[in-house]
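K.L.:
Below you'll find my_file01.csv; it's CSV, C-alpha atoms and all ligand atoms.
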```
chain,number,residue,atom,x,y,z
N,15,MET,CA,-67.4,-39.0,63.4
N,16,LYS,CA,-70.1,-36.5,62.6
N,17,VAL,CA,-69.1,-34.0,59.9
N,18,GLY,CA,-71.0,-30.8,58.9
N,19,ILE,CA,-70.1,-29.5,55.5
N,20,LEU,CA,-70.9,-25.8,54.7
N,21,GLY,CA,-71.1,-25.8,50.9
N,22,THR,CA,-72.8,-27.7,48.1
N,23,GLY,CA,-70.2,-27.1,45.4
N,24,ASP,CA,-67.7,-29.5,43.9
N,25,VAL,CA,-65.5,-29.4,47.1
N,26,GLY,CA,-68.4,-30.0,49.5
N,27,ARG,CA,-69.6,-32.9,47.5
N,28,ALA,CA,-66.2,-34.5,46.9
N,29,LEU,CA,-65.2,-34.2,50.6
N,30,GLY,CA,-68.7,-35.4,51.6
N,31,ASN,CA,-68.2,-38.5,49.6
N,32,GLY,CA,-64.7,-38.9,51.1
N,33,PHE,CA,-66.1,-38.8,54.7
N,34,ILE,CA,-69.0,-41.1,53.8
N,35,GLY,CA,-66.4,-43.5,52.2
N,36,VAL,CA,-64.4,-43.8,55.5
N,37,GLY,CA,-67.5,-44.4,57.6
N,38,ASP,CA,-68.4,-41.0,58.9
N,39,SER,CA,-71.8,-39.3,58.9
N,40,VAL,CA,-72.2,-36.1,57.0
N,41,CYS,CA,-74.8,-33.2,57.0
N,42,MET,CA,-74.3,-30.9,54.0
N,43,GLY,CA,-75.5,-27.3,54.5
N,44,ALA,CA,-76.7,-24.6,52.2
N,45,ARG,CA,-78.5,-21.3,52.4
N,46,ASP,CA,-81.8,-23.0,51.6
N,47,ALA,CA,-82.8,-26.2,53.5
N,48,ASN,CA,-84.2,-27.5,50.2
N,49,ASN,CA,-81.0,-26.9,48.2
N,50,GLU,CA,-81.3,-29.2,45.1
N,51,LYS,CA,-77.5,-30.1,44.9
N,52,ALA,CA,-77.4,-31.0,48.6
N,53,ALA,CA,-80.6,-33.0,48.4
N,54,ALA,CA,-79.3,-35.0,45.4
N,55,TRP,CA,-76.0,-35.5,47.0
N,56,ALA,CA,-77.6,-36.8,50.2
N,57,ALA,CA,-80.0,-39.1,48.3
N,58,ALA,CA,-77.0,-40.6,46.4
N,59,ALA,CA,-74.6,-40.9,49.3
N,60,GLY,CA,-76.8,-43.2,51.5
N,61,SER,CA,-78.1,-43.5,55.0
N,62,ARG,CA,-75.2,-41.6,56.7
N,63,ALA,CA,-75.8,-38.5,54.6
N,64,SER,CA,-78.2,-35.8,55.3
N,65,HIS,CA,-78.7,-32.1,54.3
N,66,GLY,CA,-80.2,-28.9,55.7
N,67,THR,CA,-79.3,-25.3,56.2
N,68,PHE,CA,-75.8,-24.0,57.0
N,69,ALA,CA,-76.9,-23.9,60.7
N,70,ASP,CA,-78.2,-27.5,60.6
N,71,ALA,CA,-74.8,-28.7,59.3
N,72,ALA,CA,-72.8,-26.6,61.8
N,73,ARG,CA,-74.9,-28.0,64.7
N,74,PHE,CA,-74.6,-31.5,63.4
N,75,GLY,CA,-70.8,-31.7,62.9
N,76,ASP,CA,-68.2,-32.4,65.5
N,77,VAL,CA,-65.9,-31.4,62.7
N,78,ILE,CA,-67.0,-28.7,60.2
N,79,VAL,CA,-65.8,-28.2,56.6
N,80,LEU,CA,-66.1,-24.7,55.2
N,81,ALA,CA,-66.4,-25.0,51.4
N,82,THR,CA,-68.1,-21.9,50.2
N,83,LEU,CA,-67.4,-19.3,47.5
N,84,TRP,CA,-65.0,-16.8,49.1
N,85,THR,CA,-67.3,-13.8,48.6
N,86,GLY,CA,-70.1,-15.7,50.3
N,87,THR,CA,-68.1,-17.1,53.2
N,88,GLU,CA,-68.6,-14.5,55.8
N,89,ASN,CA,-72.4,-14.7,55.1
N,90,ALA,CA,-72.3,-18.5,55.3
N,91,VAL,CA,-70.5,-18.3,58.7
N,92,LYS,CA,-73.1,-15.8,60.0
N,93,LEU,CA,-76.0,-18.0,58.8
N,94,ALA,CA,-74.4,-21.0,60.4
N,95,GLY,CA,-73.9,-19.1,63.6
N,96,PRO,CA,-70.4,-18.8,65.0
N,97,ASP,CA,-71.5,-20.1,68.4
N,98,THR,CA,-72.5,-23.4,66.9
N,99,MET,CA,-68.9,-23.9,65.9
N,100,ARG,CA,-67.3,-22.9,69.2
N,101,GLY,CA,-64.7,-25.4,70.3
N,102,LYS,CA,-65.0,-27.3,67.0
N,103,VAL,CA,-62.4,-28.1,64.4
N,104,VAL,CA,-63.2,-26.1,61.3
N,105,ILE,CA,-61.5,-27.1,58.1
N,106,ASP,CA,-61.2,-24.1,55.8
N,107,THR,CA,-60.9,-25.1,52.1
N,108,THR,CA,-61.6,-21.6,50.7
N,109,ASN,CA,-59.4,-19.5,48.4
N,110,PRO,CA,-60.1,-15.8,48.2
N,111,LEU,CA,-60.2,-15.7,44.4
N,112,ASP,CA,-60.9,-12.5,42.5
N,113,PHE,CA,-62.0,-13.2,38.9
N,114,SER,CA,-62.6,-9.5,38.0
N,115,HIS,CA,-59.4,-9.2,36.0
N,116,GLY,CA,-60.0,-12.4,34.1
N,117,MET,CA,-58.1,-15.7,34.2
N,118,PRO,CA,-56.0,-16.7,36.0
N,119,PRO,CA,-57.7,-15.3,39.1
N,120,ARG,CA,-55.8,-13.1,41.6
N,121,LEU,CA,-56.0,-13.3,45.3
N,122,SER,CA,-58.3,-10.7,46.9
N,123,ILE,CA,-56.3,-10.9,50.1
N,124,GLY,CA,-52.6,-11.6,50.6
N,125,HIS,CA,-49.2,-10.9,52.0
N,126,THR,CA,-50.3,-9.4,55.3
N,127,ASP,CA,-53.6,-11.3,55.7
N,128,SER,CA,-55.4,-14.3,54.3
N,129,ALA,CA,-58.8,-16.0,54.0
N,130,GLY,CA,-57.7,-18.5,56.7
N,131,GLU,CA,-57.0,-15.7,59.2
N,132,GLN,CA,-60.2,-14.0,58.3
N,133,VAL,CA,-62.2,-17.2,58.9
N,134,GLN,CA,-60.4,-17.6,62.3
N,135,ARG,CA,-61.4,-14.0,63.2
N,136,TRP,CA,-65.0,-14.7,62.2
N,137,LEU,CA,-64.9,-17.8,64.3
N,138,PRO,CA,-62.9,-16.9,67.4
N,139,GLY,CA,-64.0,-19.8,69.4
N,140,ALA,CA,-63.3,-22.4,66.7
N,141,LYS,CA,-60.1,-24.2,65.8
N,142,VAL,CA,-59.6,-23.3,62.2
N,143,VAL,CA,-57.2,-25.5,60.1
N,144,LYS,CA,-56.5,-24.5,56.5
N,145,CYS,CA,-56.5,-27.7,54.3
N,146,PHE,CA,-57.5,-29.0,50.9
N,147,ASN,CA,-57.2,-25.5,49.2
N,148,ILE,CA,-54.1,-26.4,47.2
N,149,VAL,CA,-55.6,-29.1,44.9
N,150,GLY,CA,-58.6,-29.5,42.6
N,151,ASN,CA,-61.6,-31.3,44.0
N,152,ALA,CA,-61.1,-34.3,41.7
N,153,HIS,CA,-58.0,-35.3,43.7
N,154,MET,CA,-59.0,-34.4,47.2
N,155,VAL,CA,-59.8,-38.0,48.2
N,156,GLN,CA,-57.4,-40.9,47.5
N,157,PRO,CA,-55.2,-38.9,45.1
N,158,SER,CA,-53.6,-41.3,42.7
N,159,PHE,CA,-50.4,-40.2,40.9
N,160,PRO,CA,-47.7,-42.2,39.2
N,161,GLY,CA,-45.0,-40.7,41.5
N,162,GLY,CA,-46.9,-41.5,44.7
N,163,PRO,CA,-49.1,-39.4,46.8
N,164,PRO,CA,-48.7,-35.6,46.8
N,165,ASP,CA,-48.5,-33.8,50.1
N,166,MET,CA,-51.4,-31.9,51.8
N,167,PHE,CA,-50.1,-28.7,53.4
N,168,ILE,CA,-52.0,-27.5,56.5
N,169,CYS,CA,-51.8,-24.7,59.0
N,170,GLY,CA,-53.7,-23.6,62.1
N,171,ASN,CA,-53.2,-22.4,65.6
N,172,ASP,CA,-54.4,-25.5,67.5
N,173,ASP,CA,-52.1,-28.5,67.6
N,174,GLU,CA,-54.9,-31.0,68.6
N,175,ALA,CA,-57.1,-29.7,65.8
N,176,LYS,CA,-54.2,-30.2,63.3
N,177,ARG,CA,-53.8,-33.8,64.6
N,178,VAL,CA,-57.5,-34.4,63.9
N,179,VAL,CA,-57.2,-33.0,60.4
N,180,THR,CA,-54.0,-34.9,59.8
N,181,THR,CA,-55.8,-38.2,60.7
N,182,ILE,CA,-58.6,-37.2,58.2
N,183,CYS,CA,-56.1,-36.4,55.5
N,184,GLN,CA,-54.3,-39.7,56.1
N,185,SER,CA,-57.6,-41.6,55.8
N,186,PHE,CA,-58.1,-39.8,52.5
N,187,GLY,CA,-54.6,-40.9,51.3
N,188,TRP,CA,-52.6,-37.8,52.0
N,189,PRO,CA,-49.3,-37.4,53.8
N,190,VAL,CA,-49.5,-34.0,55.6
N,191,VAL,CA,-47.0,-31.1,55.9
N,192,ASP,CA,-47.8,-28.8,58.9
N,193,ILE,CA,-46.5,-25.4,58.2
N,194,GLY,CA,-47.4,-23.7,61.5
N,195,GLY,CA,-50.0,-21.2,62.6
N,196,ILE,CA,-53.1,-20.0,60.6
N,197,GLU,CA,-51.1,-17.1,59.2
N,198,GLY,CA,-49.5,-19.8,57.0
N,199,SER,CA,-52.6,-19.4,54.9
N,200,ARG,CA,-50.8,-16.4,53.4
N,201,ASP,CA,-48.5,-18.9,51.8
N,202,LEU,CA,-51.0,-21.7,51.1
N,203,GLU,CA,-53.6,-19.6,49.3
N,204,PRO,CA,-51.1,-18.5,46.6
N,205,LEU,CA,-50.4,-22.2,45.9
N,206,CYS,CA,-53.9,-22.4,44.5
N,207,ILE,CA,-53.0,-19.7,42.0
N,208,LEU,CA,-49.9,-21.7,41.1
N,209,TRP,CA,-52.1,-24.8,40.6
N,210,VAL,CA,-54.5,-22.9,38.4
N,211,LYS,CA,-51.8,-21.3,36.3
N,212,TYR,CA,-50.1,-24.6,35.6
N,213,GLY,CA,-53.5,-26.1,34.6
N,214,LEU,CA,-54.3,-23.2,32.2
N,215,LYS,CA,-50.8,-23.5,30.7
N,216,THR,CA,-50.9,-27.2,30.1
N,217,GLY,CA,-54.7,-27.6,29.6
N,218,GLY,CA,-54.9,-30.4,32.3
N,219,TRP,CA,-55.9,-30.5,35.9
N,220,ASN,CA,-54.2,-33.7,37.1
N,221,HIS,CA,-51.3,-32.2,39.1
N,222,ALA,CA,-50.5,-31.8,42.8
N,223,VAL,CA,-47.7,-30.7,45.0
N,224,ARG,CA,-45.2,-32.7,46.9
N,225,MET,CA,-42.3,-31.7,49.2
N,226,LEU,CA,-39.1,-33.7,48.9
N,227,LYS,CA,-37.1,-34.1,52.1
N,228,LYS,CA,-33.9,-35.7,53.2
L,301,LIG,N1,-63.4,-26.3,43.1
L,301,LIG,C1,-62.2,-26.8,43.5
L,301,LIG,O1,-61.7,-27.7,42.9
L,301,LIG,C2,-61.5,-26.1,44.7
L,301,LIG,C3,-60.3,-26.6,45.1
L,301,LIG,C4,-59.7,-26.0,46.2
L,301,LIG,C5,-60.3,-25.0,46.9
L,301,LIG,N2,-61.5,-24.5,46.4
L,301,LIG,C6,-62.2,-23.5,47.2
L,301,LIG,O2,-63.3,-24.1,47.9
L,301,LIG,C7,-64.4,-23.3,48.1
L,301,LIG,C8,-65.6,-24.0,47.5
L,301,LIG,O3,-65.4,-24.2,46.1
L,301,LIG,P1,-66.5,-25.0,45.2
L,301,LIG,O4,-66.0,-25.0,43.8
L,301,LIG,O5,-66.9,-26.3,45.8
L,301,LIG,O6,-67.9,-24.2,45.3
L,301,LIG,P2,-68.2,-22.6,45.1
L,301,LIG,O7,-69.1,-22.5,43.9
L,301,LIG,O8,-67.0,-21.8,45.2
L,301,LIG,O9,-69.1,-22.4,46.4
L,301,LIG,C9,-70.4,-23.0,46.5
L,301,LIG,C10,-71.0,-22.7,47.9
L,301,LIG,O10,-70.9,-21.3,48.2
L,301,LIG,C11,-72.1,-20.9,48.8
L,301,LIG,N3,-72.4,-19.4,48.5
L,301,LIG,C12,-72.2,-18.7,47.4
L,301,LIG,N4,-72.6,-17.5,47.6
L,301,LIG,C13,-73.0,-17.3,48.9
L,301,LIG,C14,-73.4,-16.3,49.7
L,301,LIG,N5,-73.6,-15.0,49.2
L,301,LIG,N6,-73.7,-16.5,51.0
L,301,LIG,C15,-73.5,-17.7,51.5
L,301,LIG,N7,-73.1,-18.8,50.8
L,301,LIG,C16,-72.8,-18.6,49.5
L,301,LIG,C17,-73.2,-21.7,48.0
L,301,LIG,O11,-74.3,-21.7,48.8
L,301,LIG,P3,-75.7,-22.5,48.3
L,301,LIG,O12,-75.4,-23.9,48.5
L,301,LIG,O13,-76.7,-22.0,49.3
L,301,LIG,O14,-75.9,-22.1,46.9
L,301,LIG,C18,-72.5,-23.0,47.9
L,301,LIG,O15,-72.7,-23.9,49.0
L,301,LIG,C19,-64.1,-22.0,47.3
L,301,LIG,O16,-63.6,-21.0,48.3
L,301,LIG,C20,-62.9,-22.4,46.4
L,301,LIG,O17,-62.1,-21.4,46.1
L,301,LIG,C21,-62.1,-25.0,45.3
```
Take the structure from the file and write it as structure tokens.
Ligand SMILES: NC(=O)c1ccc[n+]([C@@H]2O[C@H](COP(=O)([O-])OP(=O)(O)OC[C@H]3O[C@@H](n4cnc5c(N)ncnc54)[C@H](OP(=O)(O)O)[C@@H]3O)[C@@H](O)[C@H]2O)c1

P.N.:
Amino acid sequence: MKVGILGTGDVGRALGNGFIGVGDSVCMGARDANNEKAAAWAAAAGSRASHGTFADAARFGDVIVLATLWTGTENAVKLAGPDTMRGKVVIDTTNPLDFSHGMPPRLSIGHTDSAGEQVQRWLPGAKVVKCFNIVGNAHMVQPSFPGGPPDMFICGNDDEAKRVVTTICQSFGWPVVDIGGIEGSRDLEPLCILWVKYGLKTGGWNHAVRMLKK
């Protein structure tokens, strides 16, 4: 599979390594084609890794990962060109964090809207699936916990896109809980705040969420 990653931060690089690790090809995109983080990542990740602009990555990928700072996400989508993502699965990892009141951050959107829904509106022709936003980047690929694997919660409007993302998650070691349409992002984005608050309280970042069922 060819994957375009919009974002050079910890998430973009962690997921980039994950995709390379399961045999996919990855192009990592940034605002600048010569972005140093993307260039260093691609050099270290091997022959199936490349880098370029957001538009290069969006054109390259059959599946796109959106891993940008929330306040830069609309700009990144515009720079990538929404038409290049038409018909494609777009994995939205973003959280709309507002740090202006200090730590823990608050959500800048919520209750009646969400980042996931905004992204879907900016990309009306794409199949947006919210995923990977509820856990720190260190555990996004092959999460290893004493109690067994945590669950990845996803949501999105297109069932086939969610099947694609479920297969990706499973290849990264995650069981998946599908909570429905993209408006479920209103419930998944606050889980990020829960994750951060617990980390701040305990001083550790090795936790993740699991749903028990019977
Ligand atoms: N860090 C985590 O563990 C974690 C976990 C779950 C979810 N998330 C969410 O995942 C997303 C990515 O997080 P991250 O920590 O990997 O990186 P980040 O620092 O939040 O974002 C880095 C990316 O944002 C782009 N960016 C920043 N300002 C921009 C602007 N004005 N216009 C266009 N692009 C802009 C940067 O572009 P350049 O490359 O051009 O500089 C870079 O690629 C965030 O929404 C975050 O909330 C993070």

K.L.:
Could the residues that lie within 9 Å of ligand LIG 301 (chain L), counting all atoms listed in the file, be listed as a PyMOL selection string?

P.N.:
chain N and resi 19-28+42-47+49-52+67-68+80-93+106-111+129+145-154+203+206

K.L.:
Compute the distance from (-67.1, -38.7, 50.7) to each atom, counting all atoms listed in the file, keep the residues with any atom at most 12 Å away, and return them as a ChimeraX atom specification; use the coordinates of the file.

P.N.:
/N:17,19,24-42,55-56,58-60,62-63,151-156,182,185-186

K.L.:
Between N:Ala69, N:Gly198, N:Gly18, N:Ile193, which has the minimum distance to Gly130 (chain N) (counting all atoms listed in the file)?

P.N.:
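Distance minimum relative to Gly130 (chain N) lands on N:Gly198.
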
K.L.:
Applying 10 Å and all atoms listed in the file, which residues near Pro138 (chain N) remain after dropping the ones on its own chain fewer than 2 positions away? List them as a PyMOL selection string.

P.N.:
chain N and resi 96-97+99-101+132-136+140-142

K.L.:
Would you list the contacts of region 158-169 of chain N as a ChimeraX atom specification, taking every protein, DNA or RNA residue within 6 Å and counting only C-alpha atoms, but skipping same-chain residues closer than 3 positions in sequence?

P.N.:
/N:143-145,189-196,198,222-224

K.L.:
Kindly save the residues from that selection, with C-alpha atoms included, as a short mmCIF file (atom, residue, chain, number, x, y, z; two decimals), in the coordinates of the input.

P.N.:
```cif
data_model
loop_
_atom_site.label_atom_id
_atom_site.label_comp_id
_atom_site.auth_asym_id
_atom_site.auth_seq_id
_atom_site.Cartn_x
_atom_site.Cartn_y
_atom_site.Cartn_z
CA VAL N 143 -57.20 -25.50 60.10
CA LYS N 144 -56.50 -24.50 56.50
CA CYS N 145 -56.50 -27.70 54.30
CA PRO N 189 -49.30 -37.40 53.80
CA VAL N 190 -49.50 -34.00 55.60
CA VAL N 191 -47.00 -31.10 55.90
CA ASP N 192 -47.80 -28.80 58.90
CA ILE N 193 -46.50 -25.40 58.20
CA GLY N 194 -47.40 -23.70 61.50
CA GLY N 195 -50.00 -21.20 62.60
CA ILE N 196 -53.10 -20.00 60.60
CA GLY N 198 -49.50 -19.80 57.00
CA ALA N 222 -50.50 -31.80 42.80
CA VAL N 223 -47.70 -30.70 45.00
CA ARG N 224 -45.20 -32.70 46.90
#
```

K.L.:
From the set N:Lys211, N:Lys176, N:Lys16, N:Arg200, which residue has the shortest atom-to-atom contact distance to Ile123 (chain N), counting all atoms listed in the file?

P.N.:
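Looking only at the distances to Ile123 (chain N), the closest residue turns out to be N:Arg200.
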